[in-house]
$ cat data06.cif   # mmCIF, C-alpha atoms and all ligand atoms
data_protein
#
loop_
_atom_site.label_atom_id
_atom_site.label_comp_id
_atom_site.auth_asym_id
_atom_site.auth_seq_id
_atom_site.Cartn_x
_atom_site.Cartn_y
_atom_site.Cartn_z
CA MET A 51 136.38 66.80 89.80
CA TRP A 52 138.73 69.75 90.13
CA ARG A 53 139.69 71.15 93.50
CA ALA A 54 139.44 74.93 93.84
CA SER A 55 141.06 76.92 96.64
CA SER A 56 138.45 78.10 99.11
CA GLY A 57 138.97 81.73 98.01
CA THR A 58 138.63 80.69 94.37
CA ALA A 59 135.42 78.77 95.16
CA ALA A 60 134.06 81.89 96.82
CA VAL A 61 134.98 84.29 94.02
CA LEU A 62 133.55 81.89 91.42
CA GLY A 63 130.30 81.57 93.39
CA LEU A 64 130.77 77.80 93.81
CA ARG A 65 130.62 77.97 97.59
CA PRO A 66 129.61 81.05 99.54
CA THR A 67 132.44 81.76 101.99
CA PRO A 68 133.21 85.05 103.70
CA MET A 69 136.33 86.42 102.02
CA ASP A 70 138.80 88.85 103.48
CA ALA A 71 140.61 89.17 100.13
CA ALA A 72 139.54 88.01 96.68
CA PRO A 73 142.00 86.06 94.52
CA THR A 74 142.57 87.58 91.07
CA THR A 75 143.66 84.17 89.76
CA ALA A 76 141.48 81.05 89.99
CA TYR A 77 143.63 78.45 91.77
CA LEU A 78 142.77 74.83 90.94
CA MET A 79 144.41 71.63 92.15
CA LEU A 80 144.64 68.43 90.08
CA GLY A 81 145.60 64.96 91.24
CA GLU A 82 145.62 62.94 94.42
CA ARG A 83 148.40 62.50 96.99
CA CYS A 84 151.67 63.26 95.20
CA LEU A 85 154.13 60.51 94.34
CA ARG A 86 156.90 62.85 95.45
CA ASN A 87 157.68 63.53 99.09
CA CYS A 88 158.69 67.18 99.56
CA ALA A 89 159.20 67.81 103.27
CA PHE A 90 157.29 71.11 103.27
CA CYS A 91 154.25 70.03 101.25
CA ALA A 92 150.84 69.04 102.59
CA GLN A 93 150.25 66.89 99.49
CA ALA A 94 153.51 64.92 99.80
CA ARG A 95 153.37 61.11 99.69
CA GLU A 96 154.01 60.64 103.42
CA SER A 97 152.38 63.85 104.65
CA ARG A 98 149.74 63.44 107.33
CA ALA A 99 148.22 66.83 106.56
CA ASP A 100 144.59 67.18 105.49
CA ASP A 101 144.09 65.69 101.99
CA ALA A 102 142.31 68.88 100.96
CA ALA A 103 145.17 71.19 102.02
CA LEU A 104 148.00 72.85 100.12
CA SER A 105 150.09 75.26 102.21
CA ARG A 106 147.60 77.11 104.45
CA VAL A 107 144.72 76.77 101.99
CA LEU A 108 141.85 74.23 101.75
CA TRP A 109 140.74 73.03 98.30
CA PRO A 110 137.20 71.60 98.12
CA PRO A 111 136.33 69.55 94.97
CA PHE A 112 133.74 70.58 92.35
CA PRO A 113 132.64 69.09 89.00
CA ARG A 114 135.12 70.34 86.44
CA GLU A 115 132.56 71.56 83.90
CA GLU A 116 130.95 73.64 86.64
CA VAL A 117 134.33 75.17 87.52
CA ALA A 118 135.21 75.90 83.88
CA THR A 119 131.84 77.57 83.28
CA ALA A 120 132.21 79.65 86.43
CA ILE A 121 135.75 80.72 85.46
CA ALA A 122 134.55 81.74 81.99
CA ALA A 123 131.82 83.91 83.54
CA ALA A 124 134.17 85.39 86.15
CA ALA A 125 136.76 86.18 83.46
CA ARG A 126 134.14 87.90 81.30
CA GLU A 127 133.09 90.01 84.26
CA GLY A 128 136.71 90.84 85.20
CA ARG A 129 136.55 89.07 88.57
CA ILE A 130 139.27 86.61 87.52
CA ARG A 131 142.20 87.43 85.24
CA ARG A 132 144.10 84.10 85.20
CA ALA A 133 143.61 80.45 86.07
CA CYS A 134 146.31 78.24 87.55
CA PHE A 135 146.38 74.45 87.78
CA GLN A 136 148.60 73.22 90.61
CA VAL A 137 149.27 69.60 89.86
CA THR A 138 150.51 66.77 92.09
CA VAL A 139 152.70 64.10 90.52
CA GLY A 140 150.86 60.91 89.58
CA ARG A 141 151.10 58.17 86.95
CA GLU A 142 149.20 60.21 84.36
CA HIS A 143 149.58 63.74 85.67
CA ILE A 144 150.77 65.29 82.42
CA ALA A 145 147.95 63.75 80.37
CA GLU A 146 145.41 64.80 83.01
CA THR A 147 146.78 68.34 83.05
CA GLU A 148 146.73 68.51 79.27
CA GLU A 149 143.08 67.46 79.26
CA ALA A 150 142.16 69.96 81.99
CA VAL A 151 143.97 72.82 80.24
CA ALA A 152 142.24 71.99 76.96
CA LEU A 153 138.83 71.85 78.64
CA LEU A 154 139.30 75.23 80.29
CA ALA A 155 140.84 76.80 77.17
CA ALA A 156 137.77 75.69 75.20
CA ALA A 157 135.50 77.38 77.75
CA SER A 158 137.40 80.65 78.22
CA ASP A 159 140.25 82.71 76.85
CA VAL A 160 141.50 83.45 80.37
CA PRO A 161 145.31 82.99 80.52
CA ILE A 162 146.09 79.56 81.99
CA CYS A 163 149.12 78.41 83.97
CA ALA A 164 150.09 74.85 84.68
CA SER A 165 152.29 74.49 87.75
CA VAL A 166 153.46 70.97 87.19
CA ALA A 167 156.46 68.60 87.15
CA PRO A 168 157.12 67.82 83.46
CA ARG A 169 159.38 64.88 82.67
CA ASP A 170 160.93 66.55 79.64
CA LEU A 171 160.61 69.34 77.09
CA ALA A 172 157.98 67.40 75.16
CA ASP A 173 155.69 67.51 78.22
CA VAL A 174 156.09 71.29 78.41
CA ALA A 175 155.27 71.58 74.71
CA ARG A 176 152.15 69.41 75.13
CA LEU A 177 150.79 71.66 77.88
CA LEU A 178 151.48 74.86 75.93
CA GLU A 179 149.88 73.40 72.82
CA ALA A 180 146.83 72.36 74.85
CA GLY A 181 146.27 76.02 75.68
CA ALA A 182 148.46 76.90 78.66
CA GLU A 183 149.87 80.41 78.41
CA ARG A 184 152.64 79.46 80.84
CA VAL A 185 154.18 76.40 82.46
CA THR A 186 155.69 76.72 85.92
CA ILE A 187 158.31 74.16 86.91
CA SER A 188 158.84 74.55 90.64
CA LEU A 189 162.42 74.45 91.79
CA ASP A 190 161.31 75.42 95.33
CA ALA A 191 164.84 75.09 96.71
CA ALA A 192 167.56 77.68 96.04
CA THR A 193 170.47 75.26 96.28
CA GLU A 194 171.25 71.65 95.56
CA ALA A 195 171.82 70.92 99.26
CA VAL A 196 168.41 72.34 100.21
CA TYR A 197 166.80 70.49 97.31
CA ARG A 198 168.28 67.15 98.39
CA ARG A 199 167.27 67.70 102.01
CA THR A 200 163.71 68.84 101.35
CA LYS A 201 162.71 67.34 97.99
CA GLY A 202 165.03 64.50 97.07
CA GLY A 203 164.96 63.85 93.34
CA ARG A 204 167.26 65.19 90.67
CA TRP A 205 168.34 68.78 91.13
CA ALA A 206 170.54 68.94 88.03
CA ARG A 207 167.77 67.59 85.82
CA GLY A 208 165.26 70.09 87.24
CA CYS A 209 167.62 73.02 86.61
CA ALA A 210 168.49 71.81 83.12
CA LEU A 211 164.83 71.37 82.19
CA LEU A 212 164.02 74.89 83.37
CA GLU A 213 166.86 76.27 81.27
CA GLU A 214 165.89 74.24 78.18
CA ALA A 215 162.22 75.18 78.53
CA ALA A 216 162.96 78.88 78.99
CA ALA A 217 165.14 78.84 75.87
CA ALA A 218 162.58 76.90 73.82
CA PHE A 219 159.52 78.86 75.00
CA PRO A 220 160.65 82.40 75.85
CA GLY A 221 158.39 84.31 78.22
CA ARG A 222 156.27 81.25 78.97
CA ILE A 223 158.21 79.50 81.73
CA GLY A 224 158.17 80.25 85.45
CA THR A 225 159.30 78.74 88.71
CA HIS A 226 158.47 78.88 92.40
CA LEU A 227 161.20 79.50 94.98
CA ILE A 228 160.60 79.06 98.71
CA VAL A 229 162.57 81.35 101.01
CA GLY A 230 163.33 79.94 104.46
CA LEU A 231 164.29 76.32 103.77
CA GLY A 232 167.83 76.83 105.10
CA GLU A 233 169.46 78.72 102.24
CA THR A 234 171.28 82.01 102.86
CA GLU A 235 170.13 85.29 101.37
CA GLN A 236 173.15 85.18 99.11
CA GLU A 237 172.18 81.73 97.84
CA ALA A 238 168.55 82.73 97.30
CA ILE A 239 169.49 85.88 95.41
CA ALA A 240 172.17 84.15 93.34
CA ARG A 241 169.55 81.59 92.26
CA ILE A 242 167.03 84.32 91.44
CA SER A 243 169.63 86.16 89.40
CA GLY A 244 170.52 83.00 87.48
CA LEU A 245 166.89 82.14 86.80
CA LEU A 246 166.10 85.65 85.59
CA ALA A 247 169.12 85.52 83.29
CA MET A 248 167.65 82.35 81.74
CA GLY A 249 164.35 84.16 81.17
CA VAL A 250 162.47 82.29 83.91
CA ARG A 251 159.78 84.20 85.78
CA VAL A 252 160.25 83.79 89.53
CA ALA A 253 157.48 83.57 92.15
CA LEU A 254 158.68 83.86 95.75
CA PHE A 255 157.03 82.01 98.59
CA ALA A 256 157.80 82.26 102.29
CA PHE A 257 158.28 78.84 103.86
CA THR A 258 155.09 78.07 105.79
CA PRO A 259 155.15 75.24 108.33
CA VAL A 260 152.17 72.93 107.76
CA ARG A 261 150.93 70.51 110.43
CA GLY A 262 151.39 66.88 109.40
CA THR A 263 154.58 67.51 107.38
CA PRO A 264 158.17 66.83 108.50
CA LEU A 265 158.88 70.57 108.60
CA ALA A 266 155.82 71.36 110.73
CA GLY A 267 158.03 72.55 113.58
CA ALA A 268 160.44 74.65 111.51
CA PRO A 269 160.13 78.44 111.67
CA PRO A 270 159.06 80.65 108.75
CA PRO A 271 161.78 83.02 107.50
CA PRO A 272 162.46 86.25 109.36
CA LEU A 273 160.36 88.94 107.72
CA ALA A 274 163.31 91.32 107.29
CA ALA A 275 165.27 88.69 105.35
CA TYR A 276 162.24 87.90 103.19
CA ARG A 277 161.77 91.60 102.42
CA ARG A 278 165.39 91.89 101.26
CA VAL A 279 164.99 88.90 98.94
CA GLN A 280 161.72 90.36 97.59
CA ALA A 281 163.49 93.69 96.98
CA ALA A 282 166.35 91.91 95.22
CA LEU A 283 163.96 90.04 92.92
CA TRP A 284 162.01 93.18 92.11
CA LEU A 285 165.14 95.24 91.37
CA LEU A 286 166.84 92.51 89.32
CA ALA A 287 163.74 91.60 87.32
CA ARG A 288 163.40 95.26 86.24
CA GLY A 289 167.10 95.80 85.54
CA LEU A 290 167.27 98.43 88.30
CA ALA A 291 170.21 96.83 90.07
CA SER A 292 172.99 94.38 89.31
CA ALA A 293 173.61 91.24 91.35
CA GLU A 294 177.35 91.82 90.89
CA ALA A 295 177.03 94.99 92.98
CA PHE A 296 175.24 93.23 95.84
CA ARG A 297 177.27 92.61 99.00
CA TYR A 298 176.63 90.24 101.93
CA ARG A 299 177.92 89.56 105.38
CA ASP A 300 180.44 86.75 105.61
CA ASP A 301 177.65 84.32 106.53
CA GLY A 302 175.73 85.17 103.33
CA ALA A 303 173.07 87.16 105.17
CA ARG A 304 171.92 90.78 104.94
CA VAL A 305 172.28 91.76 101.32
CA THR A 306 173.02 95.38 100.53
CA PHE A 307 172.11 96.46 97.06
CA GLY A 308 175.04 98.56 95.86
CA LEU A 309 172.83 101.61 95.58
CA PRO A 310 172.82 104.81 97.65
CA GLU A 311 170.16 104.57 100.35
CA ALA A 312 168.16 107.49 98.94
CA VAL A 313 168.12 105.93 95.47
CA LEU A 314 167.05 102.56 96.86
CA GLY A 315 164.35 104.24 98.93
CA ASP A 316 163.00 106.05 95.86
CA LEU A 317 163.00 102.89 93.74
CA LEU A 318 161.11 100.88 96.36
CA ALA A 319 158.83 103.72 97.49
CA GLY A 320 155.63 102.44 95.90
CA GLY A 321 155.86 99.17 97.83
CA ASP A 322 155.27 96.97 94.76
CA ALA A 323 158.42 94.97 95.58
CA PHE A 324 156.55 93.48 98.54
CA ARG A 325 153.51 92.32 96.60
CA THR A 326 152.97 88.72 95.48
CA SER A 327 155.42 87.82 92.70
CA GLY A 328 155.10 85.38 89.83
CA CYS A 329 152.69 85.29 86.90
CA PRO A 330 150.76 88.47 86.04
CA ASP A 331 147.60 88.83 88.16
CA CYS A 332 148.61 86.10 90.61
CA ASN A 333 147.98 87.42 94.12
CA ARG A 334 147.63 84.22 96.25
CA PRO A 335 145.83 85.83 99.21
CA TYR A 336 146.84 84.28 102.53
CA TYR A 337 148.76 81.45 100.93
CA ASN A 338 151.66 82.08 103.29
CA GLU A 339 149.90 84.38 105.76
CA ARG A 340 147.19 84.32 108.37
CA PRO A 341 144.64 87.13 108.10
CA GLY A 342 145.90 89.81 110.47
CA GLY A 343 149.34 88.13 110.74
CA VAL A 344 152.68 88.86 109.10
CA MET A 345 152.09 89.80 105.45
CA TYR A 346 154.94 88.14 103.58
CA ASN A 347 153.34 88.77 100.19
CA TYR A 348 150.88 91.65 99.94
CA HIS A 349 147.99 90.42 97.78
CA ARG A 350 147.01 94.01 96.87
CA PRO A 351 148.71 97.40 96.38
CA LEU A 352 150.21 98.69 99.61
CA THR A 353 148.71 101.80 101.16
CA PRO A 354 151.12 104.77 101.23
CA SER A 355 151.67 104.29 104.98
CA GLU A 356 152.30 100.53 104.57
CA ALA A 357 154.78 101.21 101.77
CA GLU A 358 156.58 103.85 103.80
CA ALA A 359 156.78 101.55 106.83
CA GLU A 360 158.10 98.62 104.76
CA VAL A 361 160.73 100.70 102.96
CA THR A 362 161.85 102.36 106.19
CA ALA A 363 162.17 98.98 107.91
CA LEU A 364 164.17 97.60 104.99
CA LEU A 365 166.53 100.57 104.86
CA CYS A 366 167.02 100.51 108.64
CA GLY A 367 167.99 96.83 108.49
CA LEU A 368 170.73 97.24 105.87
CA GLU A 369 174.38 96.95 106.84
CA LYS A 370 175.29 100.63 106.89
CA ARG A 371 179.01 100.16 106.49
CA ARG A 372 178.49 98.43 103.17
CA SER A 373 175.67 100.49 101.71
S1 LIG B 401 152.97 82.29 90.05
FE1 LIG B 401 150.80 82.08 90.66
S2 LIG B 401 149.63 81.78 88.74
FE2 LIG B 401 151.82 81.43 88.29
S3 LIG B 401 152.07 79.22 88.50
FE3 LIG B 401 152.63 80.13 90.48
S4 LIG B 401 150.73 80.09 91.69
FE4 LIG B 401 150.16 79.77 89.53
#
$ encode --input "data06.cif" --output "structure tokens" --more "lines below"
Ligand code: SF4
Amino acid sequence: MWRASSGTAAVLGLRPTPMDAAPTTAYLMLGERCLRNCAFCAQARESRADDAALSRVLWPPFPREEVATAIAAAAREGRIRRACFQVTVGREHIAETEEAVALLAAASDVPICASVAPRDLADVARLLEAGAERVTISLDAATEAVYRRTKGGRWARGCALLEEAAAAFPGRIGTHLIVGLGETEQEAIARISGLLAMGVRVALFAFTPVRGTPLAGAPPPPLAAYRRVQAALWLLARGLASAEAFRYRDDGARVTFGLPEAVLGDLLAGGDAFRTSGCPDCNRPYYNERPGGVMYNYHRPLTPSEAEAEVTALLCGLEKRRS
């Protein structure tokens, strides 16, 4: 069986569910309770969250051949433009992911991601050879201190593997970063800048407290801070700004971008900086948001009035004396 996010199940026609927003990527989950114990994750070893949950989303199981066939049809019809396996760590998780990727690649030419914890470069190579277009190795934490506090495990090895993989497989390696785990804006943006320089594609997530996890009572990041980190990623990834020109308050908060306000406003005017980041065509509707609540990652293009409001709010929140 493969688990599909409830939105994915709806868009694939596996389970009729009213949908406020359709995913453009089919999100699938492989594996049982994770052997790792990340403090923010519903699937962590000691989490007491619902077994079928990951972040805010529920993932009902379906026979894998049925899912692969449905993805192939949805991709042909343009309803789905990517498929993503999100994989918990288990004894055989790389072999199981390899098999799943190969099965889906045989059924469809939809681009496939594997968001997984490889042990080494050979694991990454296996997944790419099986048919994955990309492999995402989630760092999640922006700093070693945050990593140790929330994930445990080996920070240096994770960073080194990302760097090795990005060098060995250019354009095919990504990572997830969670904003709001206790890092400063300066630390988050420095990490983003370093990852981009390595050629790693960065997907930003807003920390989302999940019931049954140790961080259930922690707050999500302030929206204004998240917007500034989104803007930094968007500008840096396109070469429109330089991290060396960014300035911060003494506490590492409130980045200013080293650009005149009018120029920054023009660059951000379309609002695309505030859309879901990561792999092409990944929109993750309501992964971090409640319908009608704060929209950390817009899963669709912003309307002109939304874009204007977001850019105005961002510009108003900048430290004027340093802009
Ligand atoms: S960015 Fe989206 S498609 Fe890519 S690995 Fe992450 S969740 Fe999957």
$ closest_residue --input "data06.cif" --among "A:Arg53, A:His226, A:Arg176, A:Arg199" --to "A:Ala76" --atoms "all atoms listed in the file"
A:Arg53
$ residues_around --input "data06.cif" --residues "stretch 309-325 of chain A" --least-positions-apart "4" --cutoff "8 Å" --atoms "all atoms listed in the file" --output "NGL selection string"
:A and (277 or 280-281 or 283-285 or 291 or 333 or 346-352 or 354 or 356-358 or 360-362 or 365 or 373)
$ closest_atom_pairs --input "data06.cif" --of "chain A" --to "ligand LIG 401 (chain B)" --cutoff "8 Å" --atoms "all atoms listed in the file" --output "Markdown table"
| residue | atom | partner | partner_atom | distance |
| --- | --- | --- | --- | --- |
| A:Thr75 | CA | B:LIG401 | S2 | 6.5 |
| A:Tyr77 | CA | B:LIG401 | FE4 | 7.0 |
| A:Arg132 | CA | B:LIG401 | S2 | 7.0 |
| A:Ala133 | CA | B:LIG401 | S2 | 6.7 |
| A:Cys134 | CA | B:LIG401 | FE4 | 4.6 |
| A:Phe135 | CA | B:LIG401 | FE4 | 6.8 |
| A:Gln136 | CA | B:LIG401 | FE4 | 6.8 |
| A:Ile162 | CA | B:LIG401 | S2 | 7.9 |
| A:Cys163 | CA | B:LIG401 | S3 | 5.5 |
| A:Ala164 | CA | B:LIG401 | S3 | 6.1 |
| A:Ser165 | CA | B:LIG401 | S3 | 4.8 |
| A:Arg184 | CA | B:LIG401 | S3 | 7.7 |
| A:Val185 | CA | B:LIG401 | S3 | 7.0 |
| A:Thr186 | CA | B:LIG401 | S3 | 5.1 |
| A:Gly224 | CA | B:LIG401 | S3 | 6.9 |
| A:Thr225 | CA | B:LIG401 | FE3 | 7.0 |
| A:His226 | CA | B:LIG401 | FE3 | 6.3 |
| A:Val252 | CA | B:LIG401 | S1 | 7.5 |
| A:Ala253 | CA | B:LIG401 | S1 | 5.1 |
| A:Ser327 | CA | B:LIG401 | S1 | 6.6 |
| A:Gly328 | CA | B:LIG401 | S1 | 3.8 |
| A:Cys329 | CA | B:LIG401 | FE2 | 4.2 |
| A:Pro330 | CA | B:LIG401 | S2 | 7.3 |
| A:Asp331 | CA | B:LIG401 | S2 | 7.4 |
| A:Cys332 | CA | B:LIG401 | FE1 | 4.6 |
| A:Asn333 | CA | B:LIG401 | FE1 | 7.0 |
| A:Arg334 | CA | B:LIG401 | FE1 | 6.8 |
$ write_last_selection --input "data06.cif" --atoms "C-alpha atoms" --output "compact mmCIF listing (two decimals), keeping the file's coordinate frame"
# COMPACT_ATOMS: atom_id res chain seq x y z
CA THR A 75 143.66 84.17 89.76
CA TYR A 77 143.63 78.45 91.77
CA ARG A 132 144.10 84.10 85.20
CA ALA A 133 143.61 80.45 86.07
CA CYS A 134 146.31 78.24 87.55
CA PHE A 135 146.38 74.45 87.78
CA GLN A 136 148.60 73.22 90.61
CA ILE A 162 146.09 79.56 81.99
CA CYS A 163 149.12 78.41 83.97
CA ALA A 164 150.09 74.85 84.68
CA SER A 165 152.29 74.49 87.75
CA ARG A 184 152.64 79.46 80.84
CA VAL A 185 154.18 76.40 82.46
CA THR A 186 155.69 76.72 85.92
CA GLY A 224 158.17 80.25 85.45
CA THR A 225 159.30 78.74 88.71
CA HIS A 226 158.47 78.88 92.40
CA VAL A 252 160.25 83.79 89.53
CA ALA A 253 157.48 83.57 92.15
CA SER A 327 155.42 87.82 92.70
CA GLY A 328 155.10 85.38 89.83
CA CYS A 329 152.69 85.29 86.90
CA PRO A 330 150.76 88.47 86.04
CA ASP A 331 147.60 88.83 88.16
CA CYS A 332 148.61 86.10 90.61
CA ASN A 333 147.98 87.42 94.12
CA ARG A 334 147.63 84.22 96.25
$ closest_residue --input "data06.cif" --among "A:Pro113, A:Gly81, A:Pro269, A:Pro264" --to "A:Val137" --atoms "all atoms listed in the file"
A:Gly81
$ closest_residue --input "data06.cif" --among "A:Phe257, A:Phe90, A:Phe296, A:Trp52" --to "A:Pro111" --atoms "all atoms listed in the file"
A:Trp52
$ atom_distance --input "data06.cif" --atom1 "atom CA of A:Ala256" --atom2 "atom CA of A:Ile228"
5.6 Å
$ atom_distance --input "data06.cif" --atom1 "atom CA of A:Ser105" --atom2 "atom CA of A:Arg198"
20.3 Å
$ closest_residue --input "data06.cif" --among "A:Ala217, A:Ala182, A:Val260, A:Leu368" --to "A:Ala156" --atoms "only C-alpha atoms"
A:Ala182
$ atom_distance --input "data06.cif" --atom1 "atom CA of A:Leu286" --atom2 "atom CA of A:Ile242"
8.5 Å
$ axis_aligned_box --input "data06.cif" --around "stretch 245-258 of chain A" --padding-each-side "8 Å" --output "lines of an AutoDock Vina configuration file"
center_x = 162.1
center_y = 81.9
center_z = 93.5
size_x = 30.0
size_y = 23.6
size_z = 40.6
